[in-house]
$ cat work-v2.txt   # compact mmCIF, C-alpha atoms
# COMPACT_ATOMS: atom_id res chain seq x y z
CA MET A 1 126.86 -65.78 95.34
CA ALA A 2 129.63 -65.77 92.71
CA LEU A 3 128.48 -65.33 89.13
CA SER A 4 129.76 -67.87 86.62
CA SER A 5 130.43 -66.77 83.05
CA SER A 6 129.58 -68.72 79.93
CA PRO A 7 132.43 -70.94 78.65
CA SER A 8 135.37 -69.31 76.93
CA VAL A 9 135.01 -68.75 73.20
CA PHE A 10 138.61 -69.94 72.89
CA SER A 11 139.67 -73.58 73.21
CA GLN A 12 142.56 -74.44 75.51
CA GLU A 13 144.68 -75.13 72.43
CA GLN A 14 143.86 -71.71 71.00
CA ILE A 15 144.67 -70.02 74.31
CA ARG A 16 148.02 -71.84 74.48
CA CYS A 17 148.81 -70.83 70.90
CA LEU A 18 147.89 -67.19 71.52
CA GLU A 19 150.15 -67.19 74.58
CA GLU A 20 153.03 -68.72 72.62
CA GLU A 21 152.57 -66.13 69.87
CA ASN A 22 152.63 -63.39 72.51
CA VAL A 23 149.11 -62.26 71.52
CA PHE A 24 147.75 -63.12 74.96
CA LEU A 25 150.29 -61.52 77.26
CA GLN A 26 151.57 -63.56 80.17
CA VAL A 27 149.89 -62.29 83.34
CA PRO A 28 149.38 -63.56 86.90
CA GLN A 29 146.91 -66.46 87.17
CA ALA A 30 144.48 -64.36 89.19
CA ILE A 31 144.05 -62.07 86.19
CA THR A 32 143.57 -64.92 83.70
CA GLN A 33 140.73 -66.16 85.92
CA SER A 34 139.03 -62.76 85.84
CA GLY A 35 137.35 -63.48 82.51
CA LYS A 36 139.63 -61.12 80.56
CA ARG A 37 142.98 -61.33 78.79
CA LYS A 38 145.34 -58.59 77.66
CA VAL A 39 145.91 -58.66 73.91
CA SER A 40 148.94 -57.25 72.10
CA ALA A 41 149.28 -57.40 68.32
CA THR A 42 149.73 -55.49 65.10
CA PHE A 43 146.79 -55.59 62.70
CA THR A 44 147.21 -55.18 58.93
CA PRO A 45 144.36 -54.45 56.49
CA PRO A 46 143.16 -56.65 53.62
CA ARG A 47 145.65 -56.75 50.76
CA SER A 48 144.89 -55.12 47.42
CA SER A 49 142.87 -57.38 45.17
CA SER A 50 140.62 -57.26 42.15
CA SER A 51 137.56 -59.22 41.11
CA SER A 52 135.84 -59.27 37.75
CA SER A 53 132.51 -59.63 39.54
CA SER A 54 133.06 -57.27 42.47
CA SER A 55 129.88 -55.91 44.05
CA VAL A 56 131.73 -53.54 46.36
CA SER A 57 135.11 -51.85 46.40
CA ILE A 58 136.80 -51.05 49.70
CA GLU A 59 139.74 -48.98 50.85
CA THR A 60 141.18 -48.91 54.34
CA ARG A 61 142.47 -46.05 56.44
CA GLY A 62 144.06 -45.77 59.87
CA PHE A 63 145.88 -49.12 59.75
CA GLN A 64 149.47 -48.42 60.77
CA ASP A 65 152.15 -51.00 60.02
CA GLY A 66 154.27 -51.85 63.03
CA ILE A 67 152.01 -50.10 65.54
CA VAL A 68 151.22 -52.50 68.37
CA GLN A 69 147.71 -52.33 69.79
CA THR A 70 147.20 -53.45 73.39
CA PHE A 71 143.79 -53.93 74.97
CA ASP A 72 141.82 -56.15 77.34
CA ILE A 73 139.26 -58.56 75.93
CA PRO A 74 136.65 -60.76 77.67
CA THR A 75 137.18 -64.42 76.82
CA SER A 76 133.50 -65.42 76.88
CA ASP A 77 130.49 -64.05 75.04
CA GLU A 78 128.28 -63.76 78.13
CA SER A 79 129.74 -62.44 81.38
CA VAL A 80 129.97 -59.42 83.65
CA GLU A 81 133.16 -58.50 81.79
CA VAL A 82 131.28 -58.48 78.48
CA LEU A 83 128.75 -56.00 79.86
CA GLU A 84 131.57 -53.79 81.12
CA PHE A 85 133.31 -53.96 77.73
CA ILE A 86 130.22 -52.83 75.84
CA GLY A 87 129.65 -49.79 78.05
CA PHE A 88 127.98 -50.58 81.38
CA SER A 89 129.37 -49.56 84.76
CA ALA A 90 130.72 -52.31 87.02
CA ASP A 91 127.74 -52.22 89.40
CA THR A 92 125.20 -52.25 86.58
CA ALA A 93 127.05 -55.06 84.81
CA ILE A 94 126.93 -57.22 87.95
CA ASP A 95 123.24 -56.48 88.49
CA LEU A 96 122.28 -57.09 84.85
CA TYR A 97 124.24 -60.33 84.59
CA SER A 98 122.86 -61.60 87.90
CA ARG A 99 119.29 -61.01 86.75
CA TYR A 100 120.03 -62.57 83.37
CA ALA A 101 121.78 -65.64 84.81
CA ASN A 102 118.99 -66.22 87.35
CA ARG A 103 116.04 -65.57 85.04
CA PRO A 104 113.31 -68.23 85.37
CA ASP A 105 112.85 -70.86 82.66
CA PRO A 106 115.77 -69.94 80.36
CA GLU A 107 114.32 -72.29 77.71
CA GLU A 108 111.19 -70.17 77.67
CA ASN A 109 113.24 -66.96 77.73
CA PRO A 110 115.83 -67.54 74.98
CA ASP A 111 117.07 -63.95 74.74
CA SER A 112 120.84 -63.57 74.77
CA LEU A 113 122.69 -61.39 77.27
CA PHE A 114 123.00 -58.75 74.56
CA ASP A 115 119.22 -58.81 73.98
CA TYR A 116 118.73 -58.52 77.73
CA ALA A 117 121.04 -55.49 77.87
CA CYS A 118 119.18 -53.78 75.02
CA GLY A 119 115.89 -54.44 76.78
CA HIS A 120 117.30 -52.74 79.86
CA LEU A 121 118.29 -49.68 77.81
CA ALA A 122 114.75 -49.44 76.45
CA SER A 123 113.72 -48.08 79.84
CA LEU A 124 115.16 -44.78 78.57
CA ASN A 125 111.91 -44.47 76.62
CA THR A 126 109.80 -44.53 79.79
CA GLN A 127 108.44 -41.42 81.47
CA ARG A 128 110.71 -41.86 84.50
CA TYR A 129 113.86 -41.42 82.43
CA GLU A 130 112.45 -38.94 79.93
CA GLU A 131 111.69 -36.55 82.79
CA MET A 132 115.36 -36.59 83.82
CA GLY A 133 118.06 -34.56 82.15
CA THR A 134 119.73 -36.53 79.37
CA ARG A 135 123.04 -36.93 81.21
CA GLN A 136 121.28 -37.99 84.40
CA ALA A 137 119.18 -40.53 82.49
CA LEU A 138 122.17 -42.12 80.74
CA ILE A 139 124.06 -42.40 84.03
CA ALA A 140 120.98 -43.71 85.84
CA VAL A 141 120.46 -46.46 83.26
CA GLY A 142 123.99 -47.66 84.03
CA LEU A 143 126.27 -46.51 81.21
CA THR A 144 129.84 -45.65 82.13
CA THR A 145 130.72 -42.01 82.65
CA LYS A 146 133.25 -42.29 79.80
CA LEU A 147 130.58 -43.44 77.34
CA VAL A 148 128.08 -40.83 78.51
CA GLU A 149 130.65 -38.06 78.06
CA ALA A 150 131.32 -39.30 74.52
CA ILE A 151 127.62 -39.45 73.65
CA LEU A 152 127.06 -35.92 74.95
CA ASP A 153 130.25 -34.39 73.54
CA PRO A 154 129.29 -30.82 72.48
CA ALA A 155 131.21 -31.29 69.22
CA PHE A 156 128.51 -33.72 68.08
CA THR A 157 125.40 -32.12 69.58
CA ASP A 158 123.81 -31.63 66.17
CA VAL A 159 124.24 -35.28 65.18
CA PHE A 160 123.05 -36.44 68.61
CA GLY A 161 119.84 -34.50 68.06
CA THR A 162 118.92 -36.48 64.95
CA GLN A 163 117.90 -39.49 67.08
CA SER A 164 116.76 -40.25 70.64
CA PRO A 165 119.09 -40.86 73.64
CA PHE A 166 117.89 -44.50 73.63
CA PHE A 167 118.86 -44.87 69.97
CA TRP A 168 122.41 -43.63 70.58
CA ALA A 169 122.84 -45.59 73.81
CA LYS A 170 121.75 -48.79 72.08
CA ASP A 171 123.82 -47.98 68.99
CA SER A 172 126.94 -47.52 71.15
CA VAL A 173 126.40 -50.74 73.09
CA ALA A 174 125.64 -52.69 69.90
CA THR A 175 128.75 -51.30 68.21
CA ASN A 176 130.93 -52.28 71.17
CA TYR A 177 129.42 -55.77 71.25
CA ALA A 178 130.01 -56.25 67.52
CA THR A 179 133.59 -55.07 68.07
CA LEU A 180 134.11 -57.59 70.87
CA ARG A 181 132.74 -60.50 68.84
CA ASN A 182 134.91 -59.49 65.89
CA HIS A 183 138.01 -59.35 68.11
CA GLN A 184 137.20 -62.82 69.47
CA ARG A 185 136.61 -64.36 66.03
CA LEU A 186 139.74 -62.75 64.61
CA LEU A 187 141.95 -64.04 67.43
CA ALA A 188 140.41 -67.53 67.32
CA SER A 189 140.93 -67.67 63.55
CA PHE A 190 144.54 -66.51 63.91
CA ALA A 191 145.22 -69.21 66.52
CA THR A 192 143.64 -71.93 64.37
CA GLN A 193 145.73 -70.88 61.35
CA GLN A 194 148.94 -70.80 63.39
CA MET A 195 148.26 -74.25 64.86
CA ALA A 196 147.62 -75.66 61.38
CA ARG A 197 150.81 -74.07 60.06
CA LYS A 198 152.89 -75.49 62.91
CA THR A 199 151.39 -78.96 62.46
CA LYS A 200 152.13 -78.88 58.73
CA SER A 201 155.68 -77.66 59.35
CA SER A 202 156.29 -80.34 61.97
CA LYS A 203 155.09 -83.11 59.64
CA ARG A 204 157.30 -81.80 56.83
CA GLN A 205 160.35 -81.84 59.12
CA CYS A 206 159.58 -85.39 60.21
CA GLN A 207 159.20 -86.60 56.64
CA THR A 208 162.54 -85.03 55.78
CA ALA A 209 164.32 -86.52 58.79
CA GLY A 210 162.43 -89.82 58.80
CA THR A 211 161.58 -89.50 62.47
CA ARG A 212 158.54 -89.09 64.60
CA PRO A 213 157.54 -85.62 65.78
CA PRO A 214 159.39 -84.58 68.93
CA PRO A 215 157.27 -84.28 72.06
CA PRO A 216 155.90 -80.77 72.61
CA SER A 217 158.12 -78.58 74.70
CA GLN A 218 156.86 -77.78 78.19
CA GLU A 219 158.55 -74.41 78.06
CA VAL A 220 156.91 -71.39 76.51
CA PRO A 221 159.42 -69.75 74.16
CA ALA A 222 160.41 -66.22 74.97
CA PRO A 223 158.45 -63.77 72.83
CA MET A 224 160.50 -62.00 70.20
CA ALA A 225 157.98 -59.42 69.00
CA ALA A 226 154.29 -58.69 68.85
CA ALA A 227 152.42 -60.90 66.42
CA THR A 228 151.08 -59.51 63.16
CA ILE A 229 147.49 -60.45 62.43
CA ASN A 230 146.51 -60.03 58.80
CA ILE A 231 142.87 -59.07 58.41
CA GLU A 232 141.23 -60.57 55.34
CA SER A 233 137.94 -59.55 53.76
CA SER A 234 136.43 -62.76 55.17
CA ASP A 235 137.33 -61.53 58.67
CA LEU A 236 135.06 -58.58 57.94
CA ASN A 237 132.33 -61.00 56.84
CA LEU A 238 132.72 -59.92 53.21
CA PRO A 239 132.93 -62.59 50.47
CA LYS A 240 136.34 -62.23 48.82
CA ASP A 241 135.05 -63.23 45.37
CA HIS A 242 132.89 -60.11 45.26
CA ILE A 243 135.19 -57.56 46.93
CA GLN A 244 137.81 -55.38 45.31
CA VAL A 245 140.39 -53.94 47.71
CA GLN A 246 142.00 -50.79 46.33
CA THR A 247 144.27 -48.01 47.48
CA GLU A 248 143.28 -45.23 45.08
CA ASP A 249 140.17 -43.06 45.23
CA VAL A 250 137.04 -44.50 43.69
CA GLU A 251 136.20 -43.36 40.18
CA ILE A 252 133.30 -40.90 40.12
CA LEU A 253 130.79 -41.88 37.46
CA GLU A 254 129.50 -39.11 35.22
CA ASP A 255 125.88 -40.21 34.97
CA ALA A 256 125.21 -41.05 38.62
CA VAL A 257 124.20 -39.41 41.89
CA SER A 258 126.62 -39.89 44.81
CA LEU A 259 125.02 -40.58 48.18
CA TYR A 260 126.78 -41.27 51.50
CA LYS A 261 126.21 -42.80 54.91
CA GLY A 262 128.62 -42.87 57.89
CA LYS A 263 128.45 -45.39 60.72
CA SER A 264 130.04 -48.32 62.53
CA PHE A 265 131.07 -50.98 60.04
CA LEU A 266 130.76 -54.21 62.01
CA GLU A 267 127.04 -53.92 62.63
CA LEU A 268 126.61 -54.21 58.85
CA SER A 269 128.24 -57.65 58.86
CA PHE A 270 127.25 -58.93 62.26
CA GLU A 271 127.52 -62.65 63.05
CA GLU A 272 125.74 -64.70 60.34
CA THR A 273 124.53 -61.76 58.26
CA SER A 274 126.52 -59.66 55.84
CA LEU A 275 126.01 -56.56 53.76
CA ILE A 276 127.22 -58.57 50.76
CA ALA A 277 125.69 -62.02 50.21
CA GLU A 278 127.71 -65.00 48.99
CA ASP A 279 126.31 -64.55 45.48
CA GLY A 280 127.46 -60.94 45.44
CA SER A 281 124.04 -59.37 45.86
CA ILE A 282 123.72 -56.46 48.28
CA ASN A 283 121.56 -56.96 51.37
CA ILE A 284 120.46 -53.36 51.15
CA MET A 285 117.89 -53.60 53.94
CA GLN A 286 120.73 -53.93 56.45
CA LEU A 287 121.23 -50.23 55.84
CA ALA A 288 117.60 -49.35 56.54
CA SER A 289 116.63 -47.16 59.51
CA VAL A 290 113.86 -48.10 61.91
CA GLN A 291 110.60 -46.18 62.06
CA GLY A 292 110.30 -42.90 63.90
CA GLY A 293 112.82 -40.85 61.93
CA ASP A 294 112.25 -37.50 60.27
CA PHE A 295 110.31 -38.87 57.29
CA ASN A 296 109.26 -42.42 58.27
CA TRP A 297 106.69 -42.34 61.03
CA ALA A 298 105.69 -46.05 60.99
CA PHE A 299 107.92 -47.91 58.52
CA SER A 300 111.58 -48.59 57.77
CA ALA A 301 113.32 -46.27 55.34
CA HIS A 302 116.71 -45.64 53.76
CA TYR A 303 118.46 -42.44 54.85
CA TRP A 304 121.34 -41.13 52.74
CA THR A 305 122.94 -37.73 52.17
CA PRO A 306 124.62 -36.21 49.11
CA HIS A 307 127.06 -34.50 51.50
CA LYS A 308 130.15 -36.60 52.27
CA GLU A 309 130.96 -34.10 55.02
CA THR A 310 127.80 -35.07 56.91
CA ALA A 311 128.45 -38.80 56.54
CA GLU A 312 132.01 -38.32 57.79
CA LYS A 313 130.74 -36.54 60.89
CA TYR A 314 128.43 -39.46 61.70
CA ARG A 315 131.39 -41.82 61.24
CA GLU A 316 133.66 -39.70 63.41
CA TRP A 317 131.08 -39.70 66.16
CA ALA A 318 130.73 -43.49 66.02
CA ALA A 319 134.53 -43.71 66.40
CA HIS A 320 134.45 -41.19 69.25
CA ARG A 321 131.81 -43.17 71.18
CA CYS A 322 133.35 -46.57 70.42
CA PRO A 323 137.12 -46.06 69.93
CA GLN A 324 137.95 -49.73 69.23
CA ALA A 325 135.27 -50.06 66.58
CA ILE A 326 135.88 -50.25 62.86
CA THR A 327 133.89 -47.44 61.25
CA CYS A 328 133.11 -46.59 57.65
CA VAL A 329 131.74 -44.15 55.14
CA ILE A 330 129.55 -45.86 52.56
CA HIS A 331 129.47 -44.25 49.13
CA ILE A 332 126.93 -45.37 46.55
CA GLN A 333 126.65 -44.04 43.01
CA VAL A 334 123.03 -44.32 41.95
CA PRO A 335 122.48 -44.35 38.18
CA SER A 336 120.85 -41.11 37.06
CA SER A 337 118.43 -43.09 34.90
CA PHE A 338 117.08 -44.76 38.04
CA VAL A 339 116.90 -41.47 39.95
CA ARG A 340 115.06 -39.73 37.12
CA GLY A 341 112.43 -42.44 37.13
CA LEU A 342 111.60 -42.03 40.82
CA HIS A 343 108.62 -40.14 42.19
CA ARG A 344 110.52 -37.57 44.24
CA GLU A 345 109.01 -35.15 46.74
CA ASP A 346 111.01 -32.23 48.14
CA LEU A 347 110.16 -31.07 51.65
CA ARG A 348 112.19 -27.95 52.29
CA PHE A 349 112.43 -26.18 55.64
CA SER A 350 108.95 -24.72 56.04
CA PRO A 351 105.88 -24.91 58.30
CA ASP A 352 104.99 -28.22 56.59
CA TRP A 353 108.50 -29.60 57.27
CA LYS A 354 108.15 -28.74 60.97
CA GLU A 355 104.75 -30.38 61.24
CA TYR A 356 105.71 -33.51 59.30
CA VAL A 357 108.92 -34.08 61.25
CA TRP A 358 107.08 -33.51 64.55
CA THR A 359 104.40 -36.11 63.74
CA SER A 360 106.91 -38.58 62.30
CA ARG A 361 109.29 -38.39 65.27
CA LYS A 362 106.34 -38.96 67.62
CA GLY A 363 105.10 -41.92 65.56
CA ILE A 364 101.79 -40.19 64.81
CA GLN A 365 100.06 -40.67 61.46
CA PRO A 366 100.52 -37.41 59.54
CA ALA A 367 97.63 -35.28 58.36
CA PRO A 368 96.07 -36.20 54.97
CA LYS A 369 97.89 -33.32 53.28
CA PHE A 370 101.10 -35.33 53.76
CA ASP A 371 99.81 -38.53 52.12
CA ARG A 372 101.98 -37.76 49.09
CA LEU A 373 105.09 -38.26 51.25
CA TRP A 374 104.46 -41.80 52.46
CA ARG A 375 101.33 -43.52 51.14
CA PRO A 376 101.91 -46.55 48.86
CA GLY A 377 101.93 -45.44 45.25
CA GLN A 378 103.01 -41.91 46.19
CA ALA A 379 106.56 -40.68 46.89
CA GLN A 380 109.43 -43.12 46.49
CA VAL A 381 112.08 -40.73 47.81
CA VAL A 382 111.66 -37.65 50.00
CA VAL A 383 114.40 -35.00 50.06
CA GLY A 384 114.76 -32.39 52.80
CA PRO A 385 116.81 -31.12 55.78
CA PHE A 386 117.76 -33.17 58.86
CA CYS A 387 116.06 -32.28 62.14
CA SER A 388 118.59 -32.02 64.99
CA LEU A 389 116.11 -31.54 67.84
CA TYR A 390 116.40 -34.69 69.95
CA ASP A 391 113.31 -36.78 70.67
CA PRO A 392 112.45 -36.01 74.33
CA ARG A 393 112.42 -32.31 73.52
CA ILE A 394 110.42 -32.68 70.33
CA GLY A 395 108.03 -35.00 72.15
CA ARG A 396 107.24 -32.31 74.70
CA ILE A 397 106.34 -29.72 72.08
CA ARG A 398 102.58 -29.22 71.84
CA ALA A 399 100.91 -29.15 68.46
CA LYS A 400 99.99 -25.49 68.84
CA ASN A 401 103.64 -24.58 69.46
CA ILE A 402 105.24 -26.50 66.58
CA GLN A 403 105.86 -23.45 64.43
CA THR A 404 107.47 -21.37 67.20
CA ASP A 405 109.40 -24.08 69.08
CA ILE A 406 111.02 -25.72 66.05
CA THR A 407 113.35 -23.30 64.29
CA ALA A 408 116.05 -23.25 61.63
CA ASP A 409 118.57 -23.72 64.45
CA ASN A 410 117.18 -27.25 64.80
CA THR A 411 118.49 -28.36 61.40
CA LEU A 412 121.80 -30.11 60.74
CA LYS A 413 124.27 -27.72 59.12
CA LEU A 414 127.28 -28.04 56.86
CA LEU A 415 130.52 -26.20 57.66
CA SER A 416 129.43 -23.58 55.15
CA GLY A 417 126.37 -22.86 57.29
CA LYS A 418 123.97 -24.29 54.72
CA LYS A 419 121.47 -26.96 55.72
CA SER A 420 122.57 -30.55 55.16
CA VAL A 421 120.10 -32.53 53.07
CA GLN A 422 118.91 -36.13 53.38
CA TRP A 423 117.52 -38.42 50.71
CA VAL A 424 115.00 -40.78 52.29
CA PHE A 425 113.83 -43.77 50.25
CA VAL A 426 110.40 -44.60 51.69
CA ALA A 427 108.93 -47.20 49.28
CA LEU A 428 109.98 -50.80 49.98
CA ASP A 429 110.19 -51.85 46.34
CA THR A 430 112.35 -48.79 45.64
CA MET A 431 114.71 -49.67 48.50
CA LEU A 432 115.11 -53.22 47.20
CA GLN A 433 115.72 -51.99 43.66
CA LEU A 434 118.29 -49.54 45.01
CA GLY A 435 120.35 -52.54 46.14
CA VAL A 436 120.27 -53.90 42.60
CA GLU A 437 121.12 -50.56 41.00
CA VAL A 438 124.23 -49.90 43.12
CA ARG A 439 125.79 -53.35 42.78
CA GLY A 440 129.30 -52.66 41.53
CA LYS A 441 128.82 -48.99 42.43
CA MET A 442 129.22 -49.17 46.22
CA HIS A 443 132.47 -48.12 47.86
CA LEU A 444 133.37 -48.59 51.53
CA ILE A 445 136.03 -46.46 53.20
CA ILE A 446 136.89 -48.52 56.28
CA TYR A 447 138.71 -46.98 59.25
CA GLN A 448 140.63 -49.01 61.83
CA GLY A 449 139.71 -48.48 65.46
CA SER A 450 142.17 -47.43 68.15
CA THR A 451 142.95 -48.62 71.67
$ encode --input "work-v2.txt" --output "structure tokens"
Amino acid sequence: MALSSSPSVFSQEQIRCLEEENVFLQVPQAITQSGKRKVSATFTPPRSSSSSSSSVSIETRGFQDGIVQTFDIPTSDESVEVLEFIGFSADTAIDLYSRYANRPDPEENPDSLFDYACGHLASLNTQRYEEMGTRQALIAVGLTTKLVEAILDPAFTDVFGTQSPFFWAKDSVATNYATLRNHQRLLASFATQQMARKTKSSKRQCQTAGTRPPPPSQEVPAPMAAATINIESSDLNLPKDHIQVQTEDVEILEDAVSLYKGKSFLELSFEETSLIAEDGSINIMQLASVQGGDFNWAFSAHYWTPHKETAEKYREWAAHRCPQAITCVIHIQVPSSFVRGLHREDLRFSPDWKEYVWTSRKGIQPAPKFDRLWRPGQAQVVVGPFCSLYDPRIGRIRAKNIQTDITADNTLKLLSGKKSVQWVFVALDTMLQLGVEVRGKMHLIIYQGST
């Protein structure tokens, strides 16, 4: 039985406009009915701007004037082609979409196709997959060989080890889905603007000539060049009244602590939510990490590093796994007065570090001696090395072998060979106050994706 996709996210008028502008390339009808279109365009970054009430400053990198990007894009938001775009093999995409489309009582099962795909990936946490080798498990769950090779690239083994295979598989798929939806919104917005411009121009010509508008031509004009699509801050789901776009390096404040985070950008401003609210406040919890990390066994926490080098490596790996994605390094400058007032606990590489990371990664409540690191009213920020021993391996270590099986080789290193350090904000009220403290002191370095 043929599988029908959800309706196109583009109206017929938008499709016609994108074809006339040579954004949707002219292709045989059989291909246009495949659920995908080939896109060709040049993308330019947001123009420099200033705001007296800016919450965040941004700079862009990797946008190349005059360089035409060409790529295929699904035209719906739920289809086999969407699943292939976000990282599933053709056979798995067909199977997943078939099960999703034929699920009983859709009204009682309101999950989206994306939710369904993430639920499928969660099987990586089951014993069946955890007993496989990591490569075998990622292939068996249905990811493309290309994506699996990127996830397991030896150049990023240390970063891979800081989270579970499920985490990185889901992160890659989510990043690709956010990229797809951003492409679709950007193209639809461009088409709407072009149609409005043409309508306004046509009316102006008619008023000048005193005639009615001529009937629309049935012929598609020959394309002269690839269209240029100007990306505005609103296209990145950032309110323009609170964003300052700059080209120079951000000023380093004297009485502040610089912390960094590297990741995909679009997941920070996905669909209806945004890192920056309309009133300019920072939705800081969008940067929180889920439980089960090095220092947060059963609660969300904020992970940052004072090493820009480490943040850049995380960003580079996101770009390596998801080449079309927009990625970023987030730089916050936390006032020293705020930092000095925090209850800080340092957990250096030691037998206690090994034990605490082991229990936290496994989601086990730590021994009472570690209450100071997480109990309410105790530590607000915990500082210590990253663990780069990935979850299935750390999960198989027995308690009696913690001290011998976890070694200094299982920590994330800087190029100098020193251990990279993470600052983990563990108290909820501290995380929320952090968002207040860094308003006007957050800088985003945004990198364009490639095709």
$ atom_distance --input "work-v2.txt" --atom1 "CA of Gln14 (chain A)" --atom2 "CA of Ser234 (chain A)"
19.6 Å
$ residues_around --input "work-v2.txt" --residues "Phe425 (chain A)" --least-positions-apart "2" --cutoff "12 Å" --atoms "all atoms listed in the file" --output "MDAnalysis selection string"
chainID A and resid 259 284:285 287:289 294:296 299:305 339 342:345 373:374 378:384 422:423 427:435
$ write_last_selection --input "work-v2.txt" --atoms "C-alpha atoms" --output "mmCIF file, in the coordinates of the input"
data_model
loop_
_atom_site.group_PDB
_atom_site.id
_atom_site.type_symbol
_atom_site.label_atom_id
_atom_site.label_comp_id
_atom_site.auth_asym_id
_atom_site.auth_seq_id
_atom_site.Cartn_x
_atom_site.Cartn_y
_atom_site.Cartn_z
ATOM 1 C CA LEU A 259 125.020 -40.580 48.180
ATOM 2 C CA ILE A 284 120.460 -53.360 51.150
ATOM 3 C CA MET A 285 117.890 -53.600 53.940
ATOM 4 C CA LEU A 287 121.230 -50.230 55.840
ATOM 5 C CA ALA A 288 117.600 -49.350 56.540
ATOM 6 C CA SER A 289 116.630 -47.160 59.510
ATOM 7 C CA ASP A 294 112.250 -37.500 60.270
ATOM 8 C CA PHE A 295 110.310 -38.870 57.290
ATOM 9 C CA ASN A 296 109.260 -42.420 58.270
ATOM 10 C CA PHE A 299 107.920 -47.910 58.520
ATOM 11 C CA SER A 300 111.580 -48.590 57.770
ATOM 12 C CA ALA A 301 113.320 -46.270 55.340
ATOM 13 C CA HIS A 302 116.710 -45.640 53.760
ATOM 14 C CA TYR A 303 118.460 -42.440 54.850
ATOM 15 C CA TRP A 304 121.340 -41.130 52.740
ATOM 16 C CA THR A 305 122.940 -37.730 52.170
ATOM 17 C CA VAL A 339 116.900 -41.470 39.950
ATOM 18 C CA LEU A 342 111.600 -42.030 40.820
ATOM 19 C CA HIS A 343 108.620 -40.140 42.190
ATOM 20 C CA ARG A 344 110.520 -37.570 44.240
ATOM 21 C CA GLU A 345 109.010 -35.150 46.740
ATOM 22 C CA LEU A 373 105.090 -38.260 51.250
ATOM 23 C CA TRP A 374 104.460 -41.800 52.460
ATOM 24 C CA GLN A 378 103.010 -41.910 46.190
ATOM 25 C CA ALA A 379 106.560 -40.680 46.890
ATOM 26 C CA GLN A 380 109.430 -43.120 46.490
ATOM 27 C CA VAL A 381 112.080 -40.730 47.810
ATOM 28 C CA VAL A 382 111.660 -37.650 50.000
ATOM 29 C CA VAL A 383 114.400 -35.000 50.060
ATOM 30 C CA GLY A 384 114.760 -32.390 52.800
ATOM 31 C CA GLN A 422 118.910 -36.130 53.380
ATOM 32 C CA TRP A 423 117.520 -38.420 50.710
ATOM 33 C CA ALA A 427 108.930 -47.200 49.280
ATOM 34 C CA LEU A 428 109.980 -50.800 49.980
ATOM 35 C CA ASP A 429 110.190 -51.850 46.340
ATOM 36 C CA THR A 430 112.350 -48.790 45.640
ATOM 37 C CA MET A 431 114.710 -49.670 48.500
ATOM 38 C CA LEU A 432 115.110 -53.220 47.200
ATOM 39 C CA GLN A 433 115.720 -51.990 43.660
ATOM 40 C CA LEU A 434 118.290 -49.540 45.010
ATOM 41 C CA GLY A 435 120.350 -52.540 46.140
#
$ atom_distance --input "work-v2.txt" --atom1 "CA of Phe85 (chain A)" --atom2 "CA of Asn176 (chain A)"
7.2 Å
$ atom_distance --input "work-v2.txt" --atom1 "CA of Phe370 (chain A)" --atom2 "CA of Arg393 (chain A)"
23.0 Å
$ residues_around --input "work-v2.txt" --residues "Leu444 (chain A)" --least-positions-apart "2" --cutoff "7 Å" --atoms "only C-alpha atoms" --output "PyMOL selection string"
chain A and resi 57-59+328-331+442+446
$ build_atoms --input "work-v2.txt" --residues "region 316-325 of chain A" --atoms "N, CA and C atoms" --output "PDB file, in the coordinates of the input"
ATOM      1  N   GLU A 316     132.755 -40.169  62.369  1.00  0.00           N
ATOM      2  CA  GLU A 316     133.660 -39.700  63.410  1.00  0.00           C
ATOM      3  C   GLU A 316     133.025 -39.840  64.791  1.00  0.00           C
ATOM      4  N   TRP A 317     131.727 -39.591  64.860  1.00  0.00           N
ATOM      5  CA  TRP A 317     131.080 -39.700  66.160  1.00  0.00           C
ATOM      6  C   TRP A 317     130.979 -41.153  66.607  1.00  0.00           C
ATOM      7  N   ALA A 318     130.737 -42.069  65.681  1.00  0.00           N
ATOM      8  CA  ALA A 318     130.730 -43.490  66.020  1.00  0.00           C
ATOM      9  C   ALA A 318     132.102 -43.899  66.570  1.00  0.00           C
ATOM     10  N   ALA A 319     133.178 -43.408  65.936  1.00  0.00           N
ATOM     11  CA  ALA A 319     134.530 -43.710  66.400  1.00  0.00           C
ATOM     12  C   ALA A 319     134.818 -43.063  67.741  1.00  0.00           C
ATOM     13  N   HIS A 320     134.247 -41.896  67.984  1.00  0.00           N
ATOM     14  CA  HIS A 320     134.450 -41.190  69.250  1.00  0.00           C
ATOM     15  C   HIS A 320     133.757 -41.936  70.392  1.00  0.00           C
ATOM     16  N   ARG A 321     132.553 -42.441  70.141  1.00  0.00           N
ATOM     17  CA  ARG A 321     131.810 -43.170  71.180  1.00  0.00           C
ATOM     18  C   ARG A 321     132.391 -44.557  71.409  1.00  0.00           C
ATOM     19  N   CYS A 322     132.886 -45.177  70.357  1.00  0.00           N
ATOM     20  CA  CYS A 322     133.350 -46.570  70.420  1.00  0.00           C
ATOM     21  C   CYS A 322     134.745 -46.639  69.784  1.00  0.00           C
ATOM     22  N   PRO A 323     135.789 -46.228  70.524  1.00  0.00           N
ATOM     23  CA  PRO A 323     137.120 -46.060  69.930  1.00  0.00           C
ATOM     24  C   PRO A 323     137.704 -47.319  69.286  1.00  0.00           C
ATOM     25  N   GLN A 324     137.381 -48.512  69.808  1.00  0.00           N
ATOM     26  CA  GLN A 324     137.950 -49.730  69.230  1.00  0.00           C
ATOM     27  C   GLN A 324     137.230 -50.187  67.975  1.00  0.00           C
ATOM     28  N   ALA A 325     136.099 -49.592  67.684  1.00  0.00           N
ATOM     29  CA  ALA A 325     135.270 -50.060  66.580  1.00  0.00           C
ATOM     30  C   ALA A 325     135.851 -49.703  65.218  1.00  0.00           C
TER      31      ALA A 325
END
